[in-house]
Amino acid sequence: MATIKLTLRRLGARIRKEAADHEVEDELRFHIELRTRDNIAAGMSPEDAVADAMRRFGDFDHIRAICEEIRKEWLAGVMKVIKGITWIIIGCGLTLKMSAGMQALRDVGDFLILIGLLWRLLVHLRGIQPSQRRIKAAQLMIVGGTRTIGDFSAISLKEHTFTPVPAYDKDGRTPVERLISDESPGETIK
Amino acid sequence: MAQSKPNLIQGTLAMLILKALSRGQLHGYEIVQRIQQSSEDVLKVEEGSLYPALYRMEEQGWIEAEWGASENNRRAKYYKLTRAGRKQLAVETSNWERLSEAITKVLRTA
């Protein structure tokens, strides 16, 4: 049920794409504003407070791009399924049209072909191209210097800052899960 | 040698986020604060890096987000755990306890 709700919400967000993109930016800016507010409350000058908030946050544009790409990657998967359904509809329509003896069934076939083609055209016009998304994602991965787009999770001990590494591997497992389940855990603990 | 610590520590971010959200819904900034306060400022989340993690976790169905009003009446995106997220938290906590116990044993005996 939660998945269906999430799917519908995300598809709704895709329809109002610009608003969805602004939502990512709004969320990130809100975080920086709160950090700035707390810095000022702690006695920093407004200029220092903003600079510190930006420094703590990191590369704003890059992080925003990653967040948007994660969202689009998911939607691209959904759209791929929708595209597949259009071909099934067209296929059913053609089968009915070619094989059915009754005029009414042939009409249904014509209708299905029309619906399938219109749907396919609509998807195409929305400019949703999963392959292009993957290229963009690959570019982001190169910029990020990681093998996955997802999680640039970075926690550091107080006195040491560690280089961010992705928390998930290509199978979506966390390093802890990898350590537990891998046949050769030695590869992870180097 | 220096690469091993980050892998172990950074991989726990998802678990820490899930744990922070287990007490109720929070927005991103509150999640950072909650983790830092709970660890008595020993753990420091790199703030911008939190959001790709949140989006990925939302995609995996562990958390869900909803826009609401913050304490100062600003529009804020609040995250909360889903049922799948609670299960994942239990799994990750269990894995972490096994792992840390194993490492402690090695350190004590080696």
# chains A, B, ... in the order shown; residues from 1 in each chain; ligands from 1
$ interface_residues --of "chain B" --to "chain A" --cutoff "10 Å" --atoms "only C-alpha atoms" --output "PDB file with N, CA and C atoms, in the first residue's frame"
ATOM      1  N   MET B   1      45.381   1.063   4.835  1.00  0.00           N
ATOM      2  CA  MET B   1      44.919   0.978   6.221  1.00  0.00           C
ATOM      3  C   MET B   1      43.873   2.038   6.553  1.00  0.00           C
ATOM      4  N   ALA B   2      44.127   3.260   6.055  1.00  0.00           N
ATOM      5  CA  ALA B   2      43.207   4.347   6.393  1.00  0.00           C
ATOM      6  C   ALA B   2      41.839   4.161   5.752  1.00  0.00           C
ATOM      7  N   GLN B   3      41.745   3.250   4.748  1.00  0.00           N
ATOM      8  CA  GLN B   3      40.481   3.078   4.040  1.00  0.00           C
ATOM      9  C   GLN B   3      39.475   2.241   4.824  1.00  0.00           C
ATOM     10  N   SER B   4      39.943   1.430   5.784  1.00  0.00           N
ATOM     11  CA  SER B   4      39.030   0.497   6.427  1.00  0.00           C
ATOM     12  C   SER B   4      38.035   1.201   7.346  1.00  0.00           C
ATOM     13  N   LYS B   5      38.478   2.160   8.093  1.00  0.00           N
ATOM     14  CA  LYS B   5      37.593   2.841   9.045  1.00  0.00           C
ATOM     15  C   LYS B   5      36.405   3.515   8.357  1.00  0.00           C
ATOM     16  N   PRO B   6      36.670   4.311   7.286  1.00  0.00           N
ATOM     17  CA  PRO B   6      35.534   4.955   6.651  1.00  0.00           C
ATOM     18  C   PRO B   6      34.489   3.967   6.177  1.00  0.00           C
ATOM     19  N   ASN B   7      34.916   2.860   5.582  1.00  0.00           N
ATOM     20  CA  ASN B   7      33.965   1.877   5.097  1.00  0.00           C
ATOM     21  C   ASN B   7      33.048   1.408   6.209  1.00  0.00           C
ATOM     22  N   LEU B   8      33.627   1.069   7.319  1.00  0.00           N
ATOM     23  CA  LEU B   8      32.830   0.537   8.417  1.00  0.00           C
ATOM     24  C   LEU B   8      31.918   1.606   9.006  1.00  0.00           C
ATOM     25  N   ILE B   9      32.483   2.784   9.213  1.00  0.00           N
ATOM     26  CA  ILE B   9      31.695   3.813   9.887  1.00  0.00           C
ATOM     27  C   ILE B   9      30.655   4.416   8.934  1.00  0.00           C
ATOM     28  N   GLN B  10      31.061   4.705   7.711  1.00  0.00           N
ATOM     29  CA  GLN B  10      30.135   5.367   6.802  1.00  0.00           C
ATOM     30  C   GLN B  10      28.964   4.473   6.406  1.00  0.00           C
ATOM     31  N   GLY B  11      29.198   3.188   6.369  1.00  0.00           N
ATOM     32  CA  GLY B  11      28.133   2.271   5.991  1.00  0.00           C
ATOM     33  C   GLY B  11      26.987   2.243   6.973  1.00  0.00           C
ATOM     34  N   THR B  12      27.189   2.846   8.113  1.00  0.00           N
ATOM     35  CA  THR B  12      26.147   2.812   9.135  1.00  0.00           C
ATOM     36  C   THR B  12      25.198   4.005   9.036  1.00  0.00           C
ATOM     37  N   LEU B  13      25.416   4.877   8.079  1.00  0.00           N
ATOM     38  CA  LEU B  13      24.575   6.080   8.013  1.00  0.00           C
ATOM     39  C   LEU B  13      23.090   5.728   7.884  1.00  0.00           C
ATOM     40  N   ALA B  14      22.784   4.786   7.003  1.00  0.00           N
ATOM     41  CA  ALA B  14      21.380   4.399   6.822  1.00  0.00           C
ATOM     42  C   ALA B  14      20.788   3.903   8.143  1.00  0.00           C
ATOM     43  N   MET B  15      21.574   3.110   8.850  1.00  0.00           N
ATOM     44  CA  MET B  15      21.090   2.578  10.132  1.00  0.00           C
ATOM     45  C   MET B  15      20.844   3.716  11.130  1.00  0.00           C
ATOM     46  N   HIS B  27      12.705  16.334   9.998  1.00  0.00           N
ATOM     47  CA  HIS B  27      13.245  16.799   8.711  1.00  0.00           C
ATOM     48  C   HIS B  27      14.759  16.609   8.721  1.00  0.00           C
ATOM     49  N   GLY B  28      15.384  16.846   7.581  1.00  0.00           N
ATOM     50  CA  GLY B  28      16.798  16.514   7.412  1.00  0.00           C
ATOM     51  C   GLY B  28      17.695  17.123   8.474  1.00  0.00           C
ATOM     52  N   TYR B  29      17.505  18.391   8.752  1.00  0.00           N
ATOM     53  CA  TYR B  29      18.359  19.070   9.733  1.00  0.00           C
ATOM     54  C   TYR B  29      18.201  18.437  11.117  1.00  0.00           C
ATOM     55  N   GLU B  30      16.963  18.100  11.456  1.00  0.00           N
ATOM     56  CA  GLU B  30      16.722  17.474  12.761  1.00  0.00           C
ATOM     57  C   GLU B  30      17.376  16.091  12.839  1.00  0.00           C
ATOM     58  N   VAL B  32      20.211  15.209  11.396  1.00  0.00           N
ATOM     59  CA  VAL B  32      21.629  15.466  11.670  1.00  0.00           C
ATOM     60  C   VAL B  32      21.819  15.779  13.155  1.00  0.00           C
ATOM     61  N   ASP B  41      28.084  14.148  20.276  1.00  0.00           N
ATOM     62  CA  ASP B  41      28.972  14.878  19.363  1.00  0.00           C
ATOM     63  C   ASP B  41      30.211  14.105  18.913  1.00  0.00           C
ATOM     64  N   VAL B  42      30.196  12.804  19.105  1.00  0.00           N
ATOM     65  CA  VAL B  42      31.331  12.007  18.610  1.00  0.00           C
ATOM     66  C   VAL B  42      31.176  11.777  17.107  1.00  0.00           C
ATOM     67  N   LEU B  43      29.970  11.465  16.676  1.00  0.00           N
ATOM     68  CA  LEU B  43      29.723  11.257  15.252  1.00  0.00           C
ATOM     69  C   LEU B  43      29.280  12.563  14.601  1.00  0.00           C
ATOM     70  N   LYS B  44      29.841  12.792  13.444  1.00  0.00           N
ATOM     71  CA  LYS B  44      29.492  14.020  12.730  1.00  0.00           C
ATOM     72  C   LYS B  44      29.037  13.637  11.318  1.00  0.00           C
ATOM     73  N   VAL B  45      27.808  13.945  11.007  1.00  0.00           N
ATOM     74  CA  VAL B  45      27.294  13.638   9.668  1.00  0.00           C
ATOM     75  C   VAL B  45      27.644  14.789   8.743  1.00  0.00           C
ATOM     76  N   GLU B  46      28.246  14.488   7.618  1.00  0.00           N
ATOM     77  CA  GLU B  46      28.490  15.545   6.631  1.00  0.00           C
ATOM     78  C   GLU B  46      27.132  15.906   6.033  1.00  0.00           C
ATOM     79  N   GLU B  47      26.734  17.142   6.277  1.00  0.00           N
ATOM     80  CA  GLU B  47      25.315  17.483   6.168  1.00  0.00           C
ATOM     81  C   GLU B  47      24.719  17.283   4.778  1.00  0.00           C
ATOM     82  N   GLY B  48      25.410  17.747   3.756  1.00  0.00           N
ATOM     83  CA  GLY B  48      24.871  17.600   2.406  1.00  0.00           C
ATOM     84  C   GLY B  48      24.735  16.149   1.987  1.00  0.00           C
ATOM     85  N   SER B  49      25.611  15.307   2.508  1.00  0.00           N
ATOM     86  CA  SER B  49      25.610  13.889   2.129  1.00  0.00           C
ATOM     87  C   SER B  49      24.398  13.147   2.668  1.00  0.00           C
ATOM     88  N   LEU B  50      23.732  13.752   3.623  1.00  0.00           N
ATOM     89  CA  LEU B  50      22.553  13.120   4.211  1.00  0.00           C
ATOM     90  C   LEU B  50      21.439  12.954   3.166  1.00  0.00           C
ATOM     91  N   TYR B  51      21.294  13.950   2.287  1.00  0.00           N
ATOM     92  CA  TYR B  51      20.117  13.975   1.417  1.00  0.00           C
ATOM     93  C   TYR B  51      20.122  12.891   0.334  1.00  0.00           C
ATOM     94  N   PRO B  52      21.256  12.657  -0.351  1.00  0.00           N
ATOM     95  CA  PRO B  52      21.243  11.504  -1.268  1.00  0.00           C
ATOM     96  C   PRO B  52      20.886  10.210  -0.543  1.00  0.00           C
ATOM     97  N   ALA B  53      21.359  10.079   0.698  1.00  0.00           N
ATOM     98  CA  ALA B  53      21.032   8.874   1.475  1.00  0.00           C
ATOM     99  C   ALA B  53      19.529   8.808   1.736  1.00  0.00           C
ATOM    100  N   LEU B  54      18.943   9.944   2.098  1.00  0.00           N
ATOM    101  CA  LEU B  54      17.502   9.967   2.373  1.00  0.00           C
ATOM    102  C   LEU B  54      16.701   9.628   1.111  1.00  0.00           C
ATOM    103  N   TYR B  55      17.113  10.189  -0.023  1.00  0.00           N
ATOM    104  CA  TYR B  55      16.385   9.921  -1.271  1.00  0.00           C
ATOM    105  C   TYR B  55      16.493   8.454  -1.658  1.00  0.00           C
ATOM    106  N   ARG B  56      17.687   7.893  -1.461  1.00  0.00           N
ATOM    107  CA  ARG B  56      17.881   6.483  -1.792  1.00  0.00           C
ATOM    108  C   ARG B  56      17.035   5.608  -0.870  1.00  0.00           C
ATOM    109  N   MET B  57      16.992   5.971   0.402  1.00  0.00           N
ATOM    110  CA  MET B  57      16.213   5.176   1.348  1.00  0.00           C
ATOM    111  C   MET B  57      14.709   5.298   1.076  1.00  0.00           C
ATOM    112  N   GLU B  58      14.316   6.472   0.609  1.00  0.00           N
ATOM    113  CA  GLU B  58      12.906   6.656   0.254  1.00  0.00           C
ATOM    114  C   GLU B  58      12.565   5.777  -0.950  1.00  0.00           C
ATOM    115  N   GLU B  59      13.501   5.741  -1.904  1.00  0.00           N
ATOM    116  CA  GLU B  59      13.306   4.921  -3.097  1.00  0.00           C
ATOM    117  C   GLU B  59      13.187   3.437  -2.717  1.00  0.00           C
ATOM    118  N   GLN B  60      13.954   3.035  -1.716  1.00  0.00           N
ATOM    119  CA  GLN B  60      13.922   1.633  -1.287  1.00  0.00           C
ATOM    120  C   GLN B  60      12.701   1.314  -0.428  1.00  0.00           C
ATOM    121  N   GLY B  61      11.948   2.352  -0.091  1.00  0.00           N
ATOM    122  CA  GLY B  61      10.711   2.141   0.665  1.00  0.00           C
ATOM    123  C   GLY B  61      10.916   2.049   2.166  1.00  0.00           C
ATOM    124  N   ILE B  63      11.724   4.655   4.118  1.00  0.00           N
ATOM    125  CA  ILE B  63      11.157   5.871   4.723  1.00  0.00           C
ATOM    126  C   ILE B  63      10.198   6.508   3.722  1.00  0.00           C
ATOM    127  N   GLU B  64       9.306   7.351   4.239  1.00  0.00           N
ATOM    128  CA  GLU B  64       8.467   8.127   3.328  1.00  0.00           C
ATOM    129  C   GLU B  64       8.474   9.583   3.770  1.00  0.00           C
ATOM    130  N   ALA B  65       8.272  10.457   2.807  1.00  0.00           N
ATOM    131  CA  ALA B  65       8.394  11.884   3.092  1.00  0.00           C
ATOM    132  C   ALA B  65       7.078  12.599   2.852  1.00  0.00           C
ATOM    133  N   TRP B  67       5.526  16.840   3.014  1.00  0.00           N
ATOM    134  CA  TRP B  67       5.785  18.256   3.307  1.00  0.00           C
ATOM    135  C   TRP B  67       4.852  18.719   4.421  1.00  0.00           C
ATOM    136  N   ARG B  74       7.861  27.387   8.561  1.00  0.00           N
ATOM    137  CA  ARG B  74       8.434  27.244   7.224  1.00  0.00           C
ATOM    138  C   ARG B  74       8.011  25.893   6.659  1.00  0.00           C
ATOM    139  N   ARG B  75       7.965  25.822   5.324  1.00  0.00           N
ATOM    140  CA  ARG B  75       7.611  24.562   4.679  1.00  0.00           C
ATOM    141  C   ARG B  75       8.812  23.620   4.777  1.00  0.00           C
ATOM    142  N   ALA B  76       8.611  22.451   5.347  1.00  0.00           N
ATOM    143  CA  ALA B  76       9.730  21.513   5.536  1.00  0.00           C
ATOM    144  C   ALA B  76       9.296  20.107   5.138  1.00  0.00           C
ATOM    145  N   LYS B  77      10.266  19.334   4.679  1.00  0.00           N
ATOM    146  CA  LYS B  77       9.969  17.965   4.255  1.00  0.00           C
ATOM    147  C   LYS B  77      10.296  17.013   5.408  1.00  0.00           C
ATOM    148  N   TYR B  78       9.293  16.349   5.909  1.00  0.00           N
ATOM    149  CA  TYR B  78       9.465  15.451   7.048  1.00  0.00           C
ATOM    150  C   TYR B  78       9.525  14.002   6.587  1.00  0.00           C
ATOM    151  N   THR B  82       8.808   3.638   7.439  1.00  0.00           N
ATOM    152  CA  THR B  82       7.728   2.769   6.974  1.00  0.00           C
ATOM    153  C   THR B  82       7.879   1.432   7.717  1.00  0.00           C
ATOM    154  N   ARG B  83       6.959   0.539   7.460  1.00  0.00           N
ATOM    155  CA  ARG B  83       7.070  -0.777   8.079  1.00  0.00           C
ATOM    156  C   ARG B  83       8.353  -1.480   7.601  1.00  0.00           C
ATOM    157  N   ALA B  84       8.625  -1.326   6.291  1.00  0.00           N
ATOM    158  CA  ALA B  84       9.859  -1.933   5.742  1.00  0.00           C
ATOM    159  C   ALA B  84      11.092  -1.313   6.403  1.00  0.00           C
ATOM    160  N   VAL B  91      17.259  -5.396  11.127  1.00  0.00           N
ATOM    161  CA  VAL B  91      18.294  -6.187  10.434  1.00  0.00           C
ATOM    162  C   VAL B  91      19.657  -5.523  10.583  1.00  0.00           C
ATOM    163  N   GLU B  92      19.690  -4.208  10.309  1.00  0.00           N
ATOM    164  CA  GLU B  92      20.973  -3.497  10.346  1.00  0.00           C
ATOM    165  C   GLU B  92      21.537  -3.441  11.761  1.00  0.00           C
ATOM    166  N   THR B  93      20.663  -3.261  12.739  1.00  0.00           N
ATOM    167  CA  THR B  93      21.121  -3.223  14.128  1.00  0.00           C
ATOM    168  C   THR B  93      21.726  -4.570  14.521  1.00  0.00           C
ATOM    169  N   ASN B  95      22.977  -6.835  12.492  1.00  0.00           N
ATOM    170  CA  ASN B  95      24.246  -7.005  11.767  1.00  0.00           C
ATOM    171  C   ASN B  95      25.369  -6.228  12.439  1.00  0.00           C
ATOM    172  N   TRP B  96      25.034  -4.998  12.815  1.00  0.00           N
ATOM    173  CA  TRP B  96      26.053  -4.135  13.430  1.00  0.00           C
ATOM    174  C   TRP B  96      26.526  -4.724  14.765  1.00  0.00           C
ATOM    175  N   ARG B  98      26.516  -7.842  15.686  1.00  0.00           N
ATOM    176  CA  ARG B  98      27.360  -9.019  15.419  1.00  0.00           C
ATOM    177  C   ARG B  98      28.754  -8.595  14.994  1.00  0.00           C
ATOM    178  N   LEU B  99      28.784  -7.587  14.121  1.00  0.00           N
ATOM    179  CA  LEU B  99      30.074  -7.131  13.594  1.00  0.00           C
ATOM    180  C   LEU B  99      30.935  -6.507  14.689  1.00  0.00           C
TER     181      LEU B  99
END
$ select_by_dssp --residues "region 15-91 of chain B" --states "helix (DSSP H, G or I)" --output "PyMOL selection string"
chain B and resi 15-21+28-38+47-59+83-91
